[in-house]
Amino acid sequence: MSIQKEIFYREFVQRENDILRAPYNPELEFYSVIKSGNVAKIRQLCEEPLMNKPGLGTLSANPLQNMKFHFVITTALVARYCIEGGMELSTAYSLSDFYIQKADHCKTAKEVSDLHPVMCEDYTKRMKNLRKQKICSKPIAECIDYIYDHLHTRITVETLAEQVDLNPSYLSRLFKKEIGTTISNYIQAKKIETAKNMLVYSDYSLSQIASTLAFPSQSYFTEIFRKKTGMTPTHYRTLYFRNTEIGKEEKK
């Protein structure tokens, strides 16, 4: 069962095939990888050059201009998804302007294509840093990374303490001091945050989501979700399924 849960979790967080069509026919999950700060995954998604990906539409008969148009569209969407994820508006748009200007100076379609993974990784790293901006010590930073990578499992203080080679009691105090909440509350909040994304961006059932995120039961998942958000998972999905501000515009 634990293997199955990991498969579901990895399928959602690290979609291997579906996202490869982005950014030309924009898919929410591609941009969500950047928004979530998943550097390893965005590197994987960008291994195939932008100019070689399937689904690239023709926006200009000139190959260089065509690639520039696609780059501008992608960069604009990346910036707006990052703003939705908490990046300062001025930072997101300044970075967007910087990369669009760099693309404008490119002399070949390949140069523009090569700039694409650089831009994506830059935004992704900045989003990753946002979630750790209040972290002061290496052990806590390592704990945060472990939690994000293992939300499909039951994570305990003892597990984290073993990972960073600290006494569980000391780690608990240090975590509370630096993050401002307990380890268990933090893990719970991140699981609910991921559940919200799964409700919005996937078709997984509530039982699948509960199992994937290692909640002991669907009823317990619903109880915690309601406690954290003020509504049930079903109500949340009804309100927001593929209905973010960016998603609304993409449907137009």
# chains A, B, ... in the order shown; residues from 1 in each chain; ligands from 1
call {"tool": "select_by_dssp", "arguments": {"residues": "range 161-205 of chain A", "states": "helix (DSSP H, G or I)", "output": "number ranges by chain"}}
result
A: 161-164, 168-179, 183-201
call {"tool": "write_last_selection", "arguments": {"atoms": "N, CA and C atoms", "output": "tab-separated table (two decimals), in the first residue's frame"}}
result
chain	number	residue	atom	x	y	z
A	161	ALA	N	14.41	13.73	13.11
A	161	ALA	CA	15.57	13.81	14.00
A	161	ALA	C	16.68	12.88	13.51
A	162	GLU	N	16.28	11.72	13.05
A	162	GLU	CA	17.25	10.76	12.53
A	162	GLU	C	17.91	11.29	11.25
A	163	GLN	N	17.12	11.98	10.44
A	163	GLN	CA	17.64	12.53	9.19
A	163	GLN	C	18.71	13.59	9.42
A	164	VAL	N	18.54	14.40	10.47
A	164	VAL	CA	19.47	15.50	10.72
A	164	VAL	C	20.39	15.23	11.91
A	168	PRO	N	15.34	14.29	19.22
A	168	PRO	CA	13.97	14.69	18.85
A	168	PRO	C	13.44	15.88	19.64
A	169	SER	N	13.69	15.89	20.93
A	169	SER	CA	13.19	16.99	21.77
A	169	SER	C	13.85	18.31	21.38
A	170	TYR	N	15.17	18.24	21.15
A	170	TYR	CA	15.89	19.45	20.77
A	170	TYR	C	15.43	19.94	19.40
A	171	LEU	N	15.23	19.01	18.46
A	171	LEU	CA	14.77	19.38	17.13
A	171	LEU	C	13.39	20.03	17.20
A	172	SER	N	12.52	19.51	18.02
A	172	SER	CA	11.17	20.07	18.15
A	172	SER	C	11.24	21.51	18.64
A	173	ARG	N	12.09	21.76	19.64
A	173	ARG	CA	12.23	23.13	20.17
A	173	ARG	C	12.83	24.06	19.13
A	174	LEU	N	13.83	23.56	18.42
A	174	LEU	CA	14.51	24.39	17.41
A	174	LEU	C	13.55	24.72	16.26
A	175	PHE	N	12.78	23.74	15.84
A	175	PHE	CA	11.82	23.93	14.76
A	175	PHE	C	10.78	24.97	15.15
A	176	LYS	N	10.25	24.84	16.35
A	176	LYS	CA	9.23	25.79	16.83
A	176	LYS	C	9.80	27.20	16.91
A	177	LYS	N	11.04	27.30	17.36
A	177	LYS	CA	11.68	28.60	17.50
A	177	LYS	C	11.88	29.27	16.15
A	178	GLU	N	12.32	28.51	15.14
A	178	GLU	CA	12.67	29.10	13.85
A	178	GLU	C	11.47	29.24	12.91
A	179	ILE	N	10.53	28.29	12.96
A	179	ILE	CA	9.41	28.30	12.03
A	179	ILE	C	8.16	28.91	12.64
A	183	ILE	N	6.35	20.88	14.60
A	183	ILE	CA	6.63	20.04	13.44
A	183	ILE	C	5.34	19.39	12.93
A	184	SER	N	4.55	18.87	13.83
A	184	SER	CA	3.32	18.18	13.42
A	184	SER	C	2.36	19.15	12.73
A	185	ASN	N	2.22	20.36	13.26
A	185	ASN	CA	1.34	21.34	12.63
A	185	ASN	C	1.85	21.75	11.25
A	186	TYR	N	3.16	21.86	11.13
A	186	TYR	CA	3.76	22.24	9.84
A	186	TYR	C	3.51	21.16	8.80
A	187	ILE	N	3.76	19.91	9.18
A	187	ILE	CA	3.53	18.79	8.26
A	187	ILE	C	2.07	18.75	7.84
A	188	GLN	N	1.20	18.91	8.80
A	188	GLN	CA	-0.24	18.88	8.52
A	188	GLN	C	-0.62	19.99	7.54
A	189	ALA	N	-0.08	21.19	7.78
A	189	ALA	CA	-0.39	22.33	6.91
A	189	ALA	C	0.10	22.09	5.49
A	190	LYS	N	1.28	21.51	5.35
A	190	LYS	CA	1.82	21.26	4.01
A	190	LYS	C	1.05	20.16	3.29
A	191	LYS	N	0.57	19.18	4.04
A	191	LYS	CA	-0.25	18.14	3.42
A	191	LYS	C	-1.57	18.72	2.93
A	192	ILE	N	-2.15	19.61	3.71
A	192	ILE	CA	-3.41	20.25	3.30
A	192	ILE	C	-3.16	21.18	2.11
A	193	GLU	N	-2.02	21.86	2.11
A	193	GLU	CA	-1.67	22.72	0.99
A	193	GLU	C	-1.56	21.90	-0.30
A	194	THR	N	-0.92	20.73	-0.19
A	194	THR	CA	-0.81	19.85	-1.35
A	194	THR	C	-2.16	19.29	-1.74
A	195	ALA	N	-2.97	18.95	-0.74
A	195	ALA	CA	-4.31	18.44	-1.02
A	195	ALA	C	-5.13	19.47	-1.78
A	196	LYS	N	-5.00	20.74	-1.42
A	196	LYS	CA	-5.72	21.80	-2.11
A	196	LYS	C	-5.32	21.85	-3.58
A	197	ASN	N	-4.02	21.71	-3.85
A	197	ASN	CA	-3.56	21.69	-5.24
A	197	ASN	C	-4.11	20.48	-5.98
A	198	MET	N	-4.14	19.34	-5.30
A	198	MET	CA	-4.64	18.12	-5.94
A	198	MET	C	-6.14	18.25	-6.24
A	199	LEU	N	-6.86	18.90	-5.36
A	199	LEU	CA	-8.29	19.12	-5.57
A	199	LEU	C	-8.54	20.06	-6.75
A	200	VAL	N	-7.66	21.03	-6.91
A	200	VAL	CA	-7.81	22.01	-7.98
A	200	VAL	C	-7.29	21.50	-9.31
A	201	TYR	N	-6.12	20.83	-9.29
A	201	TYR	CA	-5.43	20.50	-10.53
A	201	TYR	C	-5.50	19.04	-10.96
call {"tool": "closest_residue", "arguments": {"among": "A:Leu50, A:Met231, A:Leu213, A:Val78", "to": "Glu121 in chain A", "atoms": "only C-alpha atoms"}}
result
A:Val78
call {"tool": "decode", "arguments": {"residues": "range 103-136 of chain A", "atoms": "N, CA, C and O atoms", "output": "PDB file, in the first residue's frame"}}
result
ATOM      1  N   ALA A 103      15.904  37.482 -24.345  1.00  0.00           N
ATOM      2  CA  ALA A 103      15.416  36.727 -25.491  1.00  0.00           C
ATOM      3  C   ALA A 103      15.371  37.612 -26.740  1.00  0.00           C
ATOM      4  O   ALA A 103      15.663  37.160 -27.850  1.00  0.00           O
ATOM      5  N   ASP A 104      15.019  38.861 -26.540  1.00  0.00           N
ATOM      6  CA  ASP A 104      14.912  39.788 -27.665  1.00  0.00           C
ATOM      7  C   ASP A 104      16.260  40.008 -28.343  1.00  0.00           C
ATOM      8  O   ASP A 104      16.323  40.303 -29.539  1.00  0.00           O
ATOM      9  N   HIS A 105      17.330  39.837 -27.570  1.00  0.00           N
ATOM     10  CA  HIS A 105      18.676  40.041 -28.118  1.00  0.00           C
ATOM     11  C   HIS A 105      19.260  38.762 -28.727  1.00  0.00           C
ATOM     12  O   HIS A 105      20.356  38.791 -29.293  1.00  0.00           O
ATOM     13  N   CYS A 106      18.549  37.658 -28.588  1.00  0.00           N
ATOM     14  CA  CYS A 106      19.049  36.400 -29.153  1.00  0.00           C
ATOM     15  C   CYS A 106      19.026  36.467 -30.685  1.00  0.00           C
ATOM     16  O   CYS A 106      18.118  37.042 -31.278  1.00  0.00           O
ATOM     17  N   LYS A 107      20.014  35.834 -31.306  1.00  0.00           N
ATOM     18  CA  LYS A 107      20.157  35.881 -32.766  1.00  0.00           C
ATOM     19  C   LYS A 107      19.625  34.633 -33.460  1.00  0.00           C
ATOM     20  O   LYS A 107      19.417  34.646 -34.674  1.00  0.00           O
ATOM     21  N   THR A 108      19.437  33.549 -32.695  1.00  0.00           N
ATOM     22  CA  THR A 108      18.932  32.319 -33.297  1.00  0.00           C
ATOM     23  C   THR A 108      17.835  31.721 -32.421  1.00  0.00           C
ATOM     24  O   THR A 108      17.745  32.012 -31.220  1.00  0.00           O
ATOM     25  N   ALA A 109      17.014  30.862 -33.031  1.00  0.00           N
ATOM     26  CA  ALA A 109      15.954  30.193 -32.279  1.00  0.00           C
ATOM     27  C   ALA A 109      16.545  29.313 -31.186  1.00  0.00           C
ATOM     28  O   ALA A 109      15.964  29.169 -30.106  1.00  0.00           O
ATOM     29  N   LYS A 110      17.701  28.723 -31.457  1.00  0.00           N
ATOM     30  CA  LYS A 110      18.345  27.861 -30.463  1.00  0.00           C
ATOM     31  C   LYS A 110      18.752  28.657 -29.228  1.00  0.00           C
ATOM     32  O   LYS A 110      18.654  28.178 -28.093  1.00  0.00           O
ATOM     33  N   GLU A 111      19.230  29.878 -29.419  1.00  0.00           N
ATOM     34  CA  GLU A 111      19.612  30.720 -28.279  1.00  0.00           C
ATOM     35  C   GLU A 111      18.397  31.000 -27.398  1.00  0.00           C
ATOM     36  O   GLU A 111      18.490  30.972 -26.169  1.00  0.00           O
ATOM     37  N   VAL A 112      17.262  31.252 -28.007  1.00  0.00           N
ATOM     38  CA  VAL A 112      16.039  31.495 -27.245  1.00  0.00           C
ATOM     39  C   VAL A 112      15.631  30.214 -26.522  1.00  0.00           C
ATOM     40  O   VAL A 112      15.279  30.229 -25.336  1.00  0.00           O
ATOM     41  N   SER A 113      15.713  29.093 -27.225  1.00  0.00           N
ATOM     42  CA  SER A 113      15.369  27.801 -26.644  1.00  0.00           C
ATOM     43  C   SER A 113      16.258  27.475 -25.456  1.00  0.00           C
ATOM     44  O   SER A 113      15.792  26.970 -24.429  1.00  0.00           O
ATOM     45  N   ASP A 114      17.540  27.780 -25.568  1.00  0.00           N
ATOM     46  CA  ASP A 114      18.494  27.509 -24.479  1.00  0.00           C
ATOM     47  C   ASP A 114      18.255  28.403 -23.271  1.00  0.00           C
ATOM     48  O   ASP A 114      18.632  28.055 -22.151  1.00  0.00           O
ATOM     49  N   LEU A 115      17.639  29.554 -23.501  1.00  0.00           N
ATOM     50  CA  LEU A 115      17.360  30.479 -22.403  1.00  0.00           C
ATOM     51  C   LEU A 115      16.165  30.010 -21.571  1.00  0.00           C
ATOM     52  O   LEU A 115      16.055  30.337 -20.384  1.00  0.00           O
ATOM     53  N   HIS A 116      15.290  29.220 -22.176  1.00  0.00           N
ATOM     54  CA  HIS A 116      14.072  28.760 -21.511  1.00  0.00           C
ATOM     55  C   HIS A 116      14.329  28.011 -20.198  1.00  0.00           C
ATOM     56  O   HIS A 116      13.748  28.367 -19.167  1.00  0.00           O
ATOM     57  N   PRO A 117      15.211  26.969 -20.153  1.00  0.00           N
ATOM     58  CA  PRO A 117      15.442  26.284 -18.881  1.00  0.00           C
ATOM     59  C   PRO A 117      16.110  27.166 -17.838  1.00  0.00           C
ATOM     60  O   PRO A 117      15.884  27.001 -16.632  1.00  0.00           O
ATOM     61  N   VAL A 118      16.899  28.120 -18.290  1.00  0.00           N
ATOM     62  CA  VAL A 118      17.560  29.045 -17.355  1.00  0.00           C
ATOM     63  C   VAL A 118      16.503  29.897 -16.656  1.00  0.00           C
ATOM     64  O   VAL A 118      16.523  30.070 -15.429  1.00  0.00           O
ATOM     65  N   MET A 119      15.566  30.407 -17.431  1.00  0.00           N
ATOM     66  CA  MET A 119      14.493  31.233 -16.876  1.00  0.00           C
ATOM     67  C   MET A 119      13.617  30.415 -15.917  1.00  0.00           C
ATOM     68  O   MET A 119      13.322  30.846 -14.799  1.00  0.00           O
ATOM     69  N   CYS A 120      13.239  29.208 -16.349  1.00  0.00           N
ATOM     70  CA  CYS A 120      12.366  28.370 -15.519  1.00  0.00           C
ATOM     71  C   CYS A 120      13.031  28.007 -14.200  1.00  0.00           C
ATOM     72  O   CYS A 120      12.401  28.059 -13.139  1.00  0.00           O
ATOM     73  N   GLU A 121      14.311  27.645 -14.258  1.00  0.00           N
ATOM     74  CA  GLU A 121      15.004  27.247 -13.036  1.00  0.00           C
ATOM     75  C   GLU A 121      15.210  28.439 -12.107  1.00  0.00           C
ATOM     76  O   GLU A 121      15.141  28.299 -10.879  1.00  0.00           O
ATOM     77  N   ASP A 122      15.456  29.602 -12.668  1.00  0.00           N
ATOM     78  CA  ASP A 122      15.635  30.801 -11.852  1.00  0.00           C
ATOM     79  C   ASP A 122      14.374  31.083 -11.033  1.00  0.00           C
ATOM     80  O   ASP A 122      14.422  31.264  -9.816  1.00  0.00           O
ATOM     81  N   TYR A 123      13.229  31.093 -11.687  1.00  0.00           N
ATOM     82  CA  TYR A 123      11.967  31.310 -10.983  1.00  0.00           C
ATOM     83  C   TYR A 123      11.722  30.208  -9.948  1.00  0.00           C
ATOM     84  O   TYR A 123      11.277  30.481  -8.826  1.00  0.00           O
ATOM     85  N   THR A 124      11.997  28.973 -10.329  1.00  0.00           N
ATOM     86  CA  THR A 124      11.742  27.842  -9.433  1.00  0.00           C
ATOM     87  C   THR A 124      12.602  27.921  -8.177  1.00  0.00           C
ATOM     88  O   THR A 124      12.114  27.676  -7.065  1.00  0.00           O
ATOM     89  N   LYS A 125      13.863  28.270  -8.336  1.00  0.00           N
ATOM     90  CA  LYS A 125      14.756  28.410  -7.180  1.00  0.00           C
ATOM     91  C   LYS A 125      14.272  29.518  -6.253  1.00  0.00           C
ATOM     92  O   LYS A 125      14.330  29.392  -5.027  1.00  0.00           O
ATOM     93  N   ARG A 126      13.809  30.596  -6.838  1.00  0.00           N
ATOM     94  CA  ARG A 126      13.315  31.709  -6.019  1.00  0.00           C
ATOM     95  C   ARG A 126      12.059  31.298  -5.249  1.00  0.00           C
ATOM     96  O   ARG A 126      11.874  31.699  -4.101  1.00  0.00           O
ATOM     97  N   MET A 127      11.202  30.489  -5.884  1.00  0.00           N
ATOM     98  CA  MET A 127      10.013  30.011  -5.181  1.00  0.00           C
ATOM     99  C   MET A 127      10.391  29.042  -4.064  1.00  0.00           C
ATOM    100  O   MET A 127       9.784  29.046  -2.985  1.00  0.00           O
ATOM    101  N   LYS A 128      11.403  28.231  -4.298  1.00  0.00           N
ATOM    102  CA  LYS A 128      11.874  27.318  -3.263  1.00  0.00           C
ATOM    103  C   LYS A 128      12.416  28.104  -2.071  1.00  0.00           C
ATOM    104  O   LYS A 128      12.159  27.773  -0.914  1.00  0.00           O
ATOM    105  N   ASN A 129      13.144  29.165  -2.364  1.00  0.00           N
ATOM    106  CA  ASN A 129      13.709  29.983  -1.289  1.00  0.00           C
ATOM    107  C   ASN A 129      12.637  30.708  -0.487  1.00  0.00           C
ATOM    108  O   ASN A 129      12.806  30.967   0.713  1.00  0.00           O
ATOM    109  N   LEU A 130      11.526  31.042  -1.136  1.00  0.00           N
ATOM    110  CA  LEU A 130      10.434  31.723  -0.440  1.00  0.00           C
ATOM    111  C   LEU A 130       9.925  30.901   0.735  1.00  0.00           C
ATOM    112  O   LEU A 130       9.617  31.431   1.789  1.00  0.00           O
ATOM    113  N   ARG A 131       9.826  29.585   0.540  1.00  0.00           N
ATOM    114  CA  ARG A 131       9.276  28.743   1.587  1.00  0.00           C
ATOM    115  C   ARG A 131      10.268  28.535   2.724  1.00  0.00           C
ATOM    116  O   ARG A 131       9.916  28.051   3.790  1.00  0.00           O
ATOM    117  N   LYS A 132      11.536  28.900   2.483  1.00  0.00           N
ATOM    118  CA  LYS A 132      12.543  28.689   3.517  1.00  0.00           C
ATOM    119  C   LYS A 132      13.170  30.009   3.983  1.00  0.00           C
ATOM    120  O   LYS A 132      14.187  30.010   4.655  1.00  0.00           O
ATOM    121  N   GLN A 133      12.536  31.127   3.632  1.00  0.00           N
ATOM    122  CA  GLN A 133      13.162  32.418   3.901  1.00  0.00           C
ATOM    123  C   GLN A 133      13.317  32.724   5.393  1.00  0.00           C
ATOM    124  O   GLN A 133      14.169  33.511   5.790  1.00  0.00           O
ATOM    125  N   LYS A 134      12.478  32.085   6.234  1.00  0.00           N
ATOM    126  CA  LYS A 134      12.582  32.339   7.667  1.00  0.00           C
ATOM    127  C   LYS A 134      13.463  31.314   8.380  1.00  0.00           C
ATOM    128  O   LYS A 134      13.619  31.355   9.597  1.00  0.00           O
ATOM    129  N   ILE A 135      14.015  30.396   7.607  1.00  0.00           N
ATOM    130  CA  ILE A 135      14.820  29.337   8.214  1.00  0.00           C
ATOM    131  C   ILE A 135      16.245  29.820   8.425  1.00  0.00           C
ATOM    132  O   ILE A 135      16.866  30.358   7.528  1.00  0.00           O
ATOM    133  N   CYS A 136      16.766  29.585   9.615  1.00  0.00           N
ATOM    134  CA  CYS A 136      18.103  30.064   9.945  1.00  0.00           C
ATOM    135  C   CYS A 136      19.152  28.954   9.954  1.00  0.00           C
ATOM    136  O   CYS A 136      20.304  29.195   9.654  1.00  0.00           O
TER     137      CYS A 136
END
